[in-house]
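What follows is the content of query_11.csv (CSV, C-alpha atoms).
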chain,number,residue,atom,x,y,z
A,1471,MET,CA,120.2,46.0,46.0
A,1472,SER,CA,120.1,42.2,46.2
A,1473,GLU,CA,118.9,42.5,49.8
A,1474,ARG,CA,115.7,44.1,48.5
A,1475,ILE,CA,114.8,41.3,46.0
A,1476,TRP,CA,111.6,39.4,46.7
A,1477,THR,CA,111.5,35.7,45.8
A,1478,SER,CA,108.6,33.5,44.5
A,1479,CYS,CA,107.8,30.4,46.5
A,1480,SER,CA,104.9,28.5,48.0
A,1481,TRP,CA,103.7,28.1,51.6
A,1482,GLY,CA,105.0,24.5,51.5
A,1483,ASP,CA,108.5,26.0,51.3
A,1484,LEU,CA,108.0,28.1,54.4
A,1485,ALA,CA,105.8,26.2,56.9
A,1486,VAL,CA,103.5,23.3,57.7
A,1487,LEU,CA,100.0,23.3,59.2
A,1488,GLU,CA,99.8,21.3,62.4
A,1489,TYR,CA,96.5,19.8,63.5
A,1490,GLY,CA,94.7,21.2,66.5
A,1491,LYS,CA,93.5,18.9,69.3
A,1492,ALA,CA,90.2,18.4,70.9
A,1493,LEU,CA,89.7,20.1,74.2
A,1494,ARG,CA,87.0,20.3,76.9
A,1495,ASP,CA,85.8,23.0,79.3
A,1496,TYR,CA,87.5,25.9,77.4
A,1497,ARG,CA,84.4,28.0,77.4
A,1498,ASP,CA,84.2,28.5,81.2
A,1499,GLY,CA,86.7,31.4,81.0
A,1500,SER,CA,89.4,29.9,83.3
A,1501,GLY,CA,93.1,29.5,82.4
A,1502,ASP,CA,95.8,31.8,80.9
A,1503,THR,CA,96.0,30.2,77.4
A,1504,ARG,CA,93.8,31.5,74.6
A,1505,VAL,CA,91.9,28.8,72.8
A,1506,TYR,CA,91.2,29.1,69.0
A,1507,GLY,CA,88.8,27.5,66.7
A,1508,THR,CA,88.2,27.8,62.9
A,1509,ASN,CA,86.7,31.3,63.4
A,1510,GLY,CA,89.1,32.7,66.0
A,1511,PRO,CA,89.2,33.0,69.9
A,1512,ILE,CA,86.6,30.8,71.6
A,1513,GLY,CA,87.8,30.4,75.2
A,1514,TRP,CA,90.6,29.9,77.7
A,1515,THR,CA,92.5,26.9,79.2
A,1516,ASP,CA,95.5,25.8,81.2
A,1517,GLY,CA,98.5,24.4,79.4
A,1518,ALA,CA,99.3,25.2,75.8
A,1519,GLN,CA,100.1,23.5,72.4
A,1520,GLY,CA,102.8,26.2,71.7
A,1521,SER,CA,104.3,29.3,73.1
A,1522,GLY,CA,103.5,31.5,70.1
A,1523,PRO,CA,103.4,33.6,68.1
A,1524,THR,CA,101.6,31.6,65.5
A,1525,VAL,CA,98.9,31.9,62.9
A,1526,VAL,CA,95.6,29.9,63.3
A,1527,VAL,CA,94.0,28.8,60.1
A,1528,GLY,CA,90.5,27.4,60.0
A,1529,ARG,CA,90.2,23.8,58.8
A,1530,LYS,CA,86.5,23.0,58.7
A,1531,GLY,CA,83.4,25.0,58.0
A,1532,ALA,CA,81.9,27.3,55.3
A,1533,TYR,CA,83.9,30.2,56.6
A,1534,ARG,CA,87.5,29.4,57.6
A,1535,GLY,CA,89.3,32.4,59.2
A,1536,VAL,CA,92.9,33.4,59.7
A,1537,HIS,CA,93.9,34.6,63.1
A,1538,TYR,CA,97.1,35.8,64.9
A,1539,SER,CA,98.1,34.5,68.3
A,1540,PRO,CA,100.8,36.6,69.8
A,1541,GLY,CA,101.4,34.3,72.8
A,1542,PRO,CA,100.7,30.8,74.2
A,1543,PHE,CA,97.8,29.1,72.4
A,1544,TRP,CA,95.7,26.0,72.1
A,1545,VAL,CA,94.0,25.2,68.8
A,1546,ILE,CA,91.1,22.8,68.8
A,1547,ASP,CA,90.5,20.2,66.1
A,1548,THR,CA,88.5,22.4,63.7
A,1549,ALA,CA,91.6,24.5,62.9
A,1550,TYR,CA,95.3,24.3,62.2
A,1551,TRP,CA,98.3,26.2,63.6
A,1552,LEU,CA,101.3,27.3,61.5
A,1553,ARG,CA,104.7,25.9,62.3
A,1554,PRO,CA,107.5,27.5,60.3
A,1555,THR,CA,110.1,25.4,58.6
A,1556,ALA,CA,112.0,28.5,57.3
A,1557,LYS,CA,112.9,31.7,59.1
A,1558,ILE,CA,109.9,34.0,58.6
A,1559,ASP,CA,108.2,36.7,60.7
A,1560,MET,CA,105.0,35.2,62.1
A,1561,ARG,CA,103.0,38.4,62.0
A,1562,TRP,CA,104.0,39.0,58.4
A,1563,ALA,CA,102.8,35.4,57.8
A,1564,TYR,CA,99.4,36.3,59.3
A,1565,TYR,CA,99.0,39.3,57.1
A,1566,GLN,CA,100.2,37.4,54.0
A,1567,LEU,CA,97.6,34.7,54.6
A,1568,LEU,CA,94.9,37.3,54.9
A,1569,THR,CA,95.5,37.9,51.2
A,1570,GLN,CA,95.0,34.3,50.3
A,1571,ASP,CA,91.6,32.8,49.4
A,1572,ILE,CA,91.5,30.2,52.1
A,1573,ASN,CA,87.8,29.7,51.8
A,1574,GLY,CA,88.2,29.1,48.1
A,1575,ARG,CA,90.2,26.0,48.8
A,1576,ASP,CA,87.8,23.1,49.4
A,1577,SER,CA,88.9,19.5,49.9
A,1578,GLY,CA,85.6,18.2,48.3
A,1579,SER,CA,84.4,16.6,51.5
A,1580,ALA,CA,80.8,16.9,52.8
A,1581,ILE,CA,81.9,19.6,55.2
A,1582,PRO,CA,84.0,22.4,53.5
A,1583,SER,CA,87.6,22.1,54.6
A,1584,LEU,CA,91.1,23.1,53.8
A,1585,SER,CA,93.7,20.3,53.2
A,1586,ARG,CA,97.3,20.7,54.2
A,1587,SER,CA,98.4,19.7,50.7
A,1588,ASP,CA,96.3,22.5,49.2
A,1589,PHE,CA,97.7,25.0,51.6
A,1590,ALA,CA,101.3,23.9,50.6
A,1591,THR,CA,100.7,24.9,47.0
A,1592,LEU,CA,99.6,28.5,47.8
A,1593,GLU,CA,102.0,30.9,46.1
A,1594,VAL,CA,103.9,33.5,48.1
A,1595,ALA,CA,105.9,36.6,47.2
A,1596,LEU,CA,108.5,36.4,49.9
A,1597,PRO,CA,110.3,39.6,51.0
A,1598,PRO,CA,113.6,39.6,52.9
A,1599,LEU,CA,113.2,39.0,56.6
A,1600,ALA,CA,113.9,42.6,57.5
A,1601,GLU,CA,111.2,43.8,55.1
A,1602,GLN,CA,108.7,41.2,56.4
A,1603,ARG,CA,109.2,42.7,59.9
A,1604,ALA,CA,108.8,46.2,58.6
A,1605,ILE,CA,105.5,45.3,56.8
A,1606,ALA,CA,104.3,43.6,60.0
A,1607,GLU,CA,105.2,46.6,62.0
A,1608,VAL,CA,103.2,49.0,59.9
A,1609,LEU,CA,100.1,46.8,59.7
A,1610,GLY,CA,100.5,45.7,63.3
A,1611,ALA,CA,100.6,49.2,64.6
A,1612,LEU,CA,97.2,49.9,63.0
A,1613,ASP,CA,95.7,46.7,64.4
A,1614,ASP,CA,97.2,47.3,67.8
A,1615,LYS,CA,95.6,50.8,67.9
A,1616,ILE,CA,92.3,49.3,66.8
A,1617,GLU,CA,92.5,46.7,69.6
A,1618,ALA,CA,93.4,49.4,72.2
A,1619,ASN,CA,90.5,51.5,71.0
A,1620,ARG,CA,88.2,48.5,71.3
A,1621,ARG,CA,89.3,47.9,74.9
A,1622,VAL,CA,88.8,51.5,76.0
A,1623,ALA,CA,85.5,51.8,74.2
A,1624,SER,CA,84.3,48.6,75.9
A,1625,ARG,CA,85.3,50.0,79.3
A,1626,CYS,CA,83.4,53.2,78.6
A,1627,GLU,CA,80.3,51.3,77.6
A,1628,GLU,CA,80.5,49.2,80.8
A,1629,LEU,CA,81.0,52.4,82.9
A,1630,ALA,CA,77.9,54.0,81.3
A,1631,ALA,CA,75.7,51.0,81.9
A,1632,THR,CA,76.9,50.7,85.5
A,1633,LEU,CA,76.1,54.4,86.2
A,1634,ALA,CA,72.7,54.0,84.6
A,1635,SER,CA,72.0,51.1,86.9
A,1636,LEU,CA,72.5,53.1,90.1
A,1637,HIS,CA,68.9,54.2,89.9
A,1638,PRO,CA,65.8,51.9,89.9
A,1639,PRO,CA,63.5,51.8,86.8
A,1640,LYS,CA,60.4,53.9,87.1
A,1641,LEU,CA,59.1,54.8,83.6
A,1642,ALA,CA,58.0,52.9,80.5
A,1643,LEU,CA,60.6,53.4,77.8
A,1644,SER,CA,57.8,54.9,75.6
A,1645,ALA,CA,57.9,58.0,77.9
A,1646,LEU,CA,61.4,58.7,76.8
A,1647,ALA,CA,61.6,57.5,73.2
A,1648,HIS,CA,59.6,56.4,70.2
A,1649,HIS,CA,60.4,53.8,67.5
A,1650,LEU,CA,61.2,55.1,64.1
A,1651,HIS,CA,59.4,53.2,61.3
A,1652,ASN,CA,59.9,55.5,58.2
A,1653,MET,CA,61.0,53.1,55.5
A,1654,VAL,CA,63.1,54.5,52.7
A,1655,SER,CA,65.4,53.5,49.8
A,1656,PRO,CA,69.0,54.9,50.4
A,1657,SER,CA,69.2,55.7,46.6
A,1658,ALA,CA,66.5,58.3,47.1
A,1659,PHE,CA,68.8,60.5,49.0
A,1660,GLY,CA,70.8,61.5,45.9
A,1661,LEU,CA,74.0,62.2,48.0
A,1662,ASP,CA,77.6,61.2,47.6
A,1663,HIS,CA,77.5,58.9,50.6
A,1664,VAL,CA,74.9,57.2,52.7
A,1665,GLU,CA,75.9,55.9,56.1
A,1666,HIS,CA,74.5,52.5,56.7
A,1667,PHE,CA,74.3,50.9,60.2
A,1668,SER,CA,73.9,47.1,60.3
A,1669,LEU,CA,74.5,44.2,62.7
A,1670,PRO,CA,77.7,42.8,61.1
A,1671,ALA,CA,79.2,46.3,61.2
A,1672,PHE,CA,78.5,46.8,64.8
A,1673,ASP,CA,79.8,43.4,65.7
A,1674,SER,CA,83.2,44.3,64.3
A,1675,GLY,CA,83.1,47.8,65.8
A,1676,GLY,CA,82.8,49.4,62.4
A,1677,LEU,CA,80.6,52.2,61.0
A,1678,PRO,CA,80.6,51.6,57.2
A,1679,VAL,CA,79.9,54.2,54.6
A,1680,ILE,CA,78.2,52.8,51.5
A,1681,GLU,CA,78.7,54.5,48.2
A,1682,ALA,CA,75.7,56.1,46.6
A,1683,GLY,CA,74.2,53.8,44.1
A,1684,SER,CA,75.3,50.7,45.9
A,1685,ASP,CA,72.9,47.7,45.6
A,1686,ILE,CA,71.0,47.8,48.9
A,1687,LYS,CA,68.1,45.5,48.1
A,1688,SER,CA,65.8,46.0,51.0
A,1689,GLY,CA,64.2,49.1,52.5
A,1690,LYS,CA,65.8,50.7,55.5
A,1691,PHE,CA,64.9,53.0,58.4
A,1692,ARG,CA,66.0,56.6,57.8
A,1693,LEU,CA,67.8,58.3,60.7
A,1694,ALA,CA,67.1,61.9,61.1
A,1695,GLY,CA,69.6,62.2,64.0
A,1696,SER,CA,71.2,60.2,66.7
A,1697,ALA,CA,69.4,57.1,67.9
A,1698,VAL,CA,69.7,54.0,70.0
A,1699,LEU,CA,69.6,50.7,68.1
A,1700,VAL,CA,68.2,47.6,70.0
A,1701,SER,CA,68.6,44.3,68.2
A,1702,LYS,CA,65.3,42.6,67.7
A,1703,LEU,CA,66.6,39.3,66.3
A,1704,ASN,CA,68.6,36.5,67.9
A,1705,PRO,CA,71.4,35.7,68.4
A,1706,HIS,CA,72.0,39.4,68.9
A,1707,ILE,CA,69.5,40.1,71.7
A,1708,PRO,CA,70.0,41.9,74.1
A,1709,ARG,CA,72.6,43.9,72.3
A,1710,VAL,CA,72.3,47.7,72.1
A,1711,TRP,CA,74.3,50.3,70.1
A,1712,LEU,CA,74.5,54.1,69.8
A,1713,ALA,CA,74.2,55.4,66.3
A,1714,GLN,CA,75.3,59.0,65.7
A,1715,PRO,CA,75.5,59.8,62.0
A,1716,LYS,CA,78.6,61.8,61.1
A,1717,GLY,CA,78.1,65.5,60.4
A,1718,VAL,CA,75.2,66.2,58.0
A,1719,ARG,CA,75.6,62.9,56.2
A,1720,ARG,CA,72.3,61.0,55.7
A,1721,ALA,CA,72.0,57.7,57.4
A,1722,VAL,CA,69.9,54.6,57.2
A,1723,THR,CA,69.8,51.5,59.5
A,1724,SER,CA,68.9,47.9,59.0
A,1725,THR,CA,65.4,46.7,59.9
A,1726,GLU,CA,67.1,44.2,62.2
A,1727,PHE,CA,66.9,47.0,64.9
A,1728,VAL,CA,64.2,48.6,67.0
A,1729,VAL,CA,65.3,52.2,66.4
A,1730,LEU,CA,64.7,54.4,69.4
A,1731,SER,CA,64.7,58.2,68.9
A,1732,PRO,CA,64.8,60.0,72.2
A,1733,ARG,CA,62.2,62.6,73.3
A,1734,ASP,CA,63.4,66.0,74.4
A,1735,ALA,CA,63.6,65.1,78.1
A,1736,CYS,CA,66.3,62.5,77.6
A,1737,PRO,CA,69.7,62.9,76.0
A,1738,VAL,CA,70.5,60.1,73.5
A,1739,GLU,CA,73.6,59.1,75.4
A,1740,LEU,CA,71.6,58.6,78.6
A,1741,LEU,CA,68.9,56.6,76.8
A,1742,TRP,CA,71.7,54.4,75.3
A,1743,ALA,CA,73.2,53.8,78.8
A,1744,MET,CA,69.8,52.9,80.3
A,1745,CYS,CA,69.1,50.5,77.5
A,1746,ARG,CA,72.5,48.8,78.2
A,1747,SER,CA,71.8,48.3,81.9
A,1748,PRO,CA,71.5,44.8,83.3
A,1749,GLN,CA,67.9,45.4,84.3
A,1750,PHE,CA,66.9,46.3,80.7
A,1751,SER,CA,68.8,43.3,79.2
A,1752,THR,CA,67.0,41.0,81.6
A,1753,HIS,CA,63.6,42.3,80.6
A,1754,LEU,CA,64.5,42.3,76.9
A,1755,LEU,CA,65.4,38.6,77.1
A,1756,GLU,CA,62.1,37.8,78.9
A,1757,MET,CA,60.2,39.3,75.9
A,1758,VAL,CA,61.8,37.1,73.2
A,1759,LYS,CA,59.2,35.3,71.2
A,1760,GLY,CA,59.3,32.6,68.5
A,1761,THR,CA,61.2,29.4,67.9
A,1762,THR,CA,64.9,28.9,68.2
A,1763,GLY,CA,67.5,30.6,66.1
A,1764,SER,CA,66.9,33.6,63.8
A,1765,HIS,CA,63.1,33.3,64.2
A,1766,GLN,CA,63.3,34.5,67.8
A,1767,ARG,CA,62.7,38.2,68.1
A,1768,VAL,CA,61.3,41.1,70.2
A,1769,THR,CA,58.7,43.6,68.9
A,1770,PRO,CA,59.0,47.3,69.1
A,1771,GLY,CA,55.9,47.5,71.3
A,1772,ASP,CA,57.3,45.1,73.8
A,1773,VAL,CA,60.6,47.0,73.9
A,1774,LEU,CA,58.8,50.3,74.5
A,1775,ARG,CA,56.9,48.8,77.5
A,1776,ILE,CA,60.1,47.9,79.4
A,1777,GLU,CA,60.7,50.2,82.4
A,1778,VAL,CA,63.8,52.3,82.5
A,1779,GLN,CA,65.2,54.9,84.9
A,1780,ASP,CA,63.8,58.4,85.2
A,1781,PRO,CA,66.3,61.0,83.7
A,1782,GLN,CA,65.4,63.3,86.6
A,1783,ASP,CA,67.0,60.9,89.1
A,1784,PHE,CA,70.5,61.4,87.7
A,1785,SER,CA,72.7,64.0,89.1
A,1786,ASP,CA,74.6,66.4,86.9
A,1787,ALA,CA,77.8,64.6,87.6
A,1788,GLU,CA,76.3,61.2,86.6
A,1789,ARG,CA,74.8,62.6,83.4
A,1790,ASP,CA,78.1,64.2,82.5
A,1791,ALA,CA,80.0,61.0,83.1
A,1792,ILE,CA,77.6,59.0,81.0
A,1793,VAL,CA,77.7,61.5,78.2
A,1794,THR,CA,81.5,61.7,78.2
A,1795,ALA,CA,81.8,57.9,78.3
A,1796,ALA,CA,79.3,57.5,75.4
A,1797,ARG,CA,81.0,60.1,73.2
A,1798,LEU,CA,84.5,58.7,73.9
A,1799,SER,CA,83.4,55.2,73.0
A,1800,HIS,CA,81.7,56.4,69.8
A,1801,SER,CA,84.8,58.5,68.9
A,1802,LEU,CA,87.1,55.6,69.4
A,1803,ARG,CA,85.0,53.3,67.3
A,1804,ARG,CA,84.8,55.8,64.5
A,1805,GLU,CA,88.6,56.2,64.6
A,1806,SER,CA,89.0,52.4,64.5
A,1807,ALA,CA,86.7,52.2,61.5
A,1808,ASN,CA,89.0,54.7,59.7
A,1809,LEU,CA,92.1,52.8,60.8
A,1810,ALA,CA,90.6,49.5,59.6
A,1811,ALA,CA,89.9,51.1,56.2
A,1812,ALA,CA,93.5,52.3,55.9
A,1813,ARG,CA,94.8,48.9,56.9
A,1814,ASN,CA,92.6,47.2,54.3
A,1815,VAL,CA,93.9,49.5,51.6
A,1816,LEU,CA,97.6,49.0,52.6
A,1817,LEU,CA,97.4,45.3,53.2
A,1818,PRO,CA,97.4,44.0,49.5
A,1819,LYS,CA,99.8,46.8,48.5
A,1820,LEU,CA,102.3,45.9,51.1
A,1821,LEU,CA,102.0,42.2,50.8
A,1822,GLY,CA,102.1,42.3,47.0
A,1823,GLY,CA,105.2,44.6,46.9
A,1824,GLU,CA,103.4,47.5,45.2
A,1825,LEU,CA,104.2,49.6,48.3
A,1826,ARG,CA,107.6,48.9,49.8
A,1827,VAL,CA,108.7,49.7,53.4
A,1828,ASN,CA,112.4,50.2,54.1
A,1829,ARG,CA,113.9,49.9,57.6
A,1830,VAL,CA,116.4,52.9,57.9
A,1831,ASP,CA,117.2,52.1,61.5
A,1832,SER,CA,115.5,50.3,64.4
A,1833,ASP,CA,113.0,53.2,65.0
A,1834,VAL,CA,112.3,54.8,61.6
A,1835,LEU,CA,110.3,53.5,58.7
A,1836,THR,CA,110.1,55.1,55.3
A,1837,GLU,CA,107.7,54.1,52.5
A,1838,THR,CA,108.5,54.2,48.8
A,1839,CYS,CA,106.3,53.2,45.9
A,1840,VAL,CA,107.9,51.0,43.3
If you took the structure in this file and wrote it as structure tokens, what would it be?
Amino acid sequence: MSERIWTSCSWGDLAVLEYGKALRDYRDGSGDTRVYGTNGPIGWTDGAQGSGPTVVVGRKGAYRGVHYSPGPFWVIDTAYWLRPTAKIDMRWAYYQLLTQDINGRDSGSAIPSLSRSDFATLEVALPPLAEQRAIAEVLGALDDKIEANRRVASRCEELAATLASLHPPKLALSALAHHLHNMVSPSAFGLDHVEHFSLPAFDSGGLPVIEAGSDIKSGKFRLAGSAVLVSKLNPHIPRVWLAQPKGVRRAVTSTEFVVLSPRDACPVELLWAMCRSPQFSTHLLEMVKGTTGSHQRVTPGDVLRIEVQDPQDFSDAERDAIVTAARLSHSLRRESANLAAARNVLLPKLLGGELRVNRVDSDVLTETCV
């Protein structure tokens, strides 16, 4: 039984934060070593500060993230990397630090930052090493599946855009779609759930469900069915997403999008693929108006004037491939959203000891609540 006892300690008993180092030319994509900053991966380089695995902890900035590096790494001078001084599982350490309020720790300087001394005082409920590894295995399996889904979904999206680009643009987009502009309040639906599509959600690959009665302050566009969402604000131009509400659930979308509803002659998946083509992206960027930053935007009218391919030019095989790629991508991203939700529920329970994971042998894990 003693082997199952957790101990109370602080991070200063387990590890130290090492400073990152300044680096040039890491954004050009060359090299085999991942480069990390305060908010995660930012480029590649040759050489490495360490062989990994390690945990990268943001040092400077209003938002300071926690990231896991499974292999060789270079951390720039806006972040720290974790060097253990005791025997701990590094992936467990990553998940444990996700439960800590890193951004709540502020050194008091002009730029919000985390000091090493503050980090050292963070309290830790420390499981035995075998249980650390088991916890990391459970949560890691979920994250690995999410990452695998992301890679396959991205390849599907690239394939669909490539297939759409095989034919030259001929028609104004307005011939195939119209922009939705019906503003509503989600609370007016009176349903148990309202699905809400927003830019941060799409950036993380998620498709969030907001509980009825949630405080959604601004009006939204109501989706009557599947639609293509074109970001109209920088820095997200020329990004395009496919929104397919689940089942009969009502859905709304942020006004950050130009919401394209396809006309009968064009399947929504084909419309999505054409709007992801390089030609469309180039024209979209040419239509950006306004000053730098968030004031730059495109208008629905300009978007609808962009020329796209004629659906009649696609063979049945090309259409089928695009539709299959779109549906697989969407399915994988939905699965990932569900897996991420499960991970987020499990994370505090596993790291706090409310839910315990026992290693029975090298291949079997059993969970017991205590």
CA of Pro1715 in chain A and CA of Gly1695 in chain A are how many Å apart? 6.7 Å
Go through A:Thr1761, A:Thr1769, A:Ser1500, A:Gln1566 one by one, measure the shortest atom-to-atom distance of each to Leu1596 in chain A using all atoms listed in the file, and give the residue with the smallest value.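 Using all atoms listed in the file, Leu1596 in chain A sits closest to A:Gln1566.
CA of Arg1621 in chain A is found 27.4 Å from CA of Cys1736 in chain A.
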For each of A:Thr1632, A:Ser1751, A:Thr1548, A:Thr1591, take the minimum atom-to-atom distance to Ala1795 in chain A, counting all atoms listed in the file, then give the residue where this is smallest.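 Under the stated criterion, the closest residue is A:Thr1632.
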Mind pulling up the distance from CA of Leu1484 in chain A to CA of Arg1826 in chain A? 21.3 Å
Have a look at A:Asp1786, A:Glu1824, A:Asp1547, A:Glu1627 and name the one nearest to Met1744 in chain A; count only C-alpha atoms.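 Looking only at the distances to Met1744 in chain A, the closest residue turns out to be A:Glu1627.
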As a PDB file with C-alpha atoms, keeping the file's coordinate frame, please: the residues near Val1505 in chain A (cut-off 9 Å, only C-alpha atoms, same-chain neighbours under 4 positions excluded).
ATOM      1  CA  TYR A1496      87.500  25.900  77.400  1.00  0.00           C
ATOM      2  CA  ARG A1497      84.400  28.000  77.400  1.00  0.00           C
ATOM      3  CA  GLY A1510      89.100  32.700  66.000  1.00  0.00           C
ATOM      4  CA  PRO A1511      89.200  33.000  69.900  1.00  0.00           C
ATOM      5  CA  ILE A1512      86.600  30.800  71.600  1.00  0.00           C
ATOM      6  CA  GLY A1513      87.800  30.400  75.200  1.00  0.00           C
ATOM      7  CA  TRP A1514      90.600  29.900  77.700  1.00  0.00           C
ATOM      8  CA  THR A1515      92.500  26.900  79.200  1.00  0.00           C
ATOM      9  CA  ALA A1518      99.300  25.200  75.800  1.00  0.00           C
ATOM     10  CA  PHE A1543      97.800  29.100  72.400  1.00  0.00           C
ATOM     11  CA  TRP A1544      95.700  26.000  72.100  1.00  0.00           C
ATOM     12  CA  VAL A1545      94.000  25.200  68.800  1.00  0.00           C
ATOM     13  CA  ILE A1546      91.100  22.800  68.800  1.00  0.00           C
TER      14      ILE A1546
END
What's the 9 Å shell around range 1587-1590 of chain A, counting all atoms listed in the file, without same-chain residues fewer than 5 positions away, as a ChimeraX atom specification? /A:1480-1487,1572,1575-1577
Using only C-alpha atoms, which residue out of A:Leu1609, A:Leu1599, A:Ile1558, A:Lys1716 lies closest to Glu1805 in chain A?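 Nearest candidate to Glu1805 in chain A out of A:Leu1609, A:Leu1599, A:Ile1558, A:Lys1716: A:Lys1716.
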Quick one: of A:Asn1619, A:Ser1785, A:Thr1524, A:Gln1602, who's nearest to Glu1488 in chain A, counting only C-alpha atoms?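 Once distances to Glu1488 in chain A are computed over only C-alpha atoms, the minimum belongs to A:Thr1524.
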Pick out the residues sitting within 10 Å of Lys1759 in chain A, and hand them over as an MDAnalysis selection string; count only C-alpha atoms, and ignore anything fewer than 6 positions along from it in its own chain. chainID A and resid 1703 1765:1769
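All protein, DNA and RNA residues at most 7 Å from (95.3, 23.5, 61.5) are A:Leu1487, A:Glu1488, A:Tyr1489, A:Gly1490, A:Val1526, A:Val1527, A:Gly1528, A:Arg1529, A:Ala1549, A:Tyr1550, A:Trp1551, using only C-alpha atoms.
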Measuring between only C-alpha atoms, which one of A:Ser1478, A:Val1622, A:Ser1696, A:Gly1517 shows the shortest distance to Leu1592 in chain A?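 Once distances to Leu1592 in chain A are computed over only C-alpha atoms, the minimum belongs to A:Ser1478.
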